[in-house]
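Asks: My questions all concern the structure below.
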Amino acid sequence: MNGAVLVALAAAIGNMLQGWDNATIAGAVLYIKKEFKLESAPTIEGLIVAMSLIGATCITTCSGGISDWLGRRPMLIISSVLYFLSGLVMVWSPNVYILLLARLLDGFGIGLAVTLVPVYISETAPPEIRGLLNTLPQFTGSIGMFLSYCMVFGMSLSELPSWRLMLGVLSIPSLAYFGLTVFYLPESPRWLVSKGRMNEAKAVLQRLRGREDVAGEMALLVEGLGVGGETSIEEYIIGPANDDIEDEDISADKDRIKLYGPEAGQSWVARPVTGHGSSIGLASRHGSVVSQSAQRLVDPLVTLFGSIHEKVPEQGSTLFPHFGSMFSVGGNQARHEEWDEEGGATMEGEDYAADGPGNESDDNLHSPLISRQATSMDKDIVPNAHGSLSSLRHGSLMQSTTGEPVGSMGIGGGWQLAWKWTEKETPDGKKEGEFKRIYLHQETVPESRRGSVVSLPGGDVPADTEYVQAAALVSQSALYSSELVKQHPVGPAMVHPAETAKGPSWTDIFEPGVKHALFVGIGIQILQQFSGINGVLYYTPQILEQAGVGVLLSNLGLSSSSASLLISGITTLLMLPSIAVAMRLMDIAGRRSLLLNTLPVLIISLVVLVVASVVKMGSVVHASISTVSVVLYFCFFVMGFGPIPNILCAEIFPTRVRGICIAICALTFWICDIIVTYSLPLLLKSVGLAGVFGMYAVVCVISWVFVFLKVPETKGMPLEVITEFFAVGAKQIAATKDN
């Protein structure tokens, strides 16, 4: 995973530049207002600082749609260019108007970076460490602020500090960022798949994952192109095909699905559970989950996500590390036939064309996919004679450098991708088929009931093996073509993956699952901005001044400006260890758990600040209590409410509309940021410091309730699985309301 880590680090430099700029302007504005004589023009002074916010807000309105059109990488390149140009213009700035223009360009760069870096990292990171890597922007942003404060503090010690030089230094790191975005960062593989560029996506995934076999993840990215559709939660009992699995809840043999492994003669049978007597199955709990969640006001979606995380196997392994790709009904296998010229490619001896008919062939989707025209399901085919299975054994599975097997159908986080084809005969004698995609996830079962069916294939399977429990998200495959079904094919009616690549559509955001995700994303962005971080940052220098830090620094010969900068730098430095802890916990404790455990500390800190402002106490005691409260607020904010809203927003939207939806959430963020920044002085005058912190404490309480009721746990889950759960949860909520 070194490739994904290094790529995430390089992308996160965009956020480091944002932190650098925020800290630099805070110090430089002290000298700008002296040169341009702005002491009597606070509006212009405020506009110089706020112009970057205005630029970020403006560019965000179109950044999502453009990134879905041009790609993530070009937008990051443009961001680095805007950073560089703004630095050069700020160095030149002969008057305040040119400075305002430079700040506007700088805001454009900030808006693109803040909006798209989390999206880019989420789309390139493995599910197991996606939270850690997506905390990097928060970490690098704080590092940028600290380094900038150190630089500005050093310059402030000179006789004639140059604010132009302070601001212009931004061009140096932005030039390095430009070089990384152009020569090192690859395009997002999910975006490439969404445009049908399969060869390029495969090459990027191989680089990011450090292995040749990426067939399973490639198939996952293709399936992730769908938006909407019916999704159901089912439960399967899985065991070796030669085992006699007996259970009263298992349906008849005609419904069984055969899963093929990479070794000759090796296979398993999956049978759907139709009863509701299982005490450990997700499907059997699903109906009661909705009603129970509704009674206690918890979103059913939160409960669904939680039920999956509660059932993660102890070893964190996938169902079958060498999981095969071909499924058939009744134990029979579908035989590949050559596609005709109109189909665009052949499957017997040839693979899907990478970017459409006539282009260079690409074998990355060979093993996971079923041919478009399959033979009738009532014919027995020898499993070992299956063309795709043969290539699966010899090509798509490989040994890792550690000697452990790498499964072609593992998609991360203990999930695996599968397909099933079923046929039913209609009353008029015609056969109708369904081609379904299945996301499988092993559930923890008692050790006595779990044999070595989950052990590495190729080993001996003991006779006492019983079964393994698996939850499944079942929905129509993105490769399924309703148009081909009208032609009454014998087998699965599949299209070339490139044909599923459609551009973003505004109508897609009105799908129930997408609307539900937008509600969560917009809600948590609003609450984050109104939780008090800007107010505490604004008040920190005053609190530390009261604590005697300013007097101590003045005794050292520092001017008030230098002392203020040093105090801000120390405050920023305190954040770094806390962010490092959050990076470690993000994929262990999870996003939801971190929010639920850090928000109470924010509430307590704000309440203490309110009490300290109202109750009369000694100056030393007051300063000490206020300082501790501020430090705790900062540390726990950057552990939870700081990075997690952006992480969640980058995870919960489907690939096809991710850019549009993330832009909506980012636009909400910037608008709320502007409102909070400009309303703070007015609130301080009207309700005082105690009233402001009291309002922030109330917002934090509302935030905790919102997270508890509405925000699901997404750690370790593939992005495509997360969006499927949102679709299921939204439809269950709608069904509950209708009933």
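Every chain in the structure tokens has a letter given in the order shown (A, B, ...), and although residue numbers restart at 1 in each chain, ligands are simply numbered from 1 in the order shown.
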Near A:Phe153, within 6 Å and counting only C-alpha atoms, which residues show up once chain neighbours fewer than 3 positions away are dropped, as a list of chain:residue names?

Replies: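 These residues fall inside the cut-off: A:Tyr149, A:Cys150, A:Ser156, A:Ser562, A:Leu565.
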
Asks: Using only C-alpha atoms for the distances, tell me which of A:Thr572, A:Thr723, A:Thr61, A:Asn534 is nearest to A:Leu473.

Replies: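 Smallest separation from A:Leu473 among the options: A:Thr723.
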
Asks: Could you give me, as a ChimeraX atom specification, the residues within 9 Å of A:Ile664, counting only C-alpha atoms and dropping anything in the same chain fewer than 6 positions from it?

Replies: /A:60-61,64,518,522

Asks: Measuring between only C-alpha atoms, which one of A:Val692, A:Val49, A:Ala580, A:Leu594 shows the shortest distance to A:Gln138?

Replies: A:Ala580

Asks: Mind pulling up the distance from atom CA of A:Trp163 to atom CA of A:Val96?

Replies: 12.6 Å

Asks: Have a look at atom CA of A:Asp673 and atom CA of A:Leu17 and let me know their distance in Å, one decimal.

Replies: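 Going from atom CA of A:Asp673 over to atom CA of A:Leu17, I get 18.5 Å.
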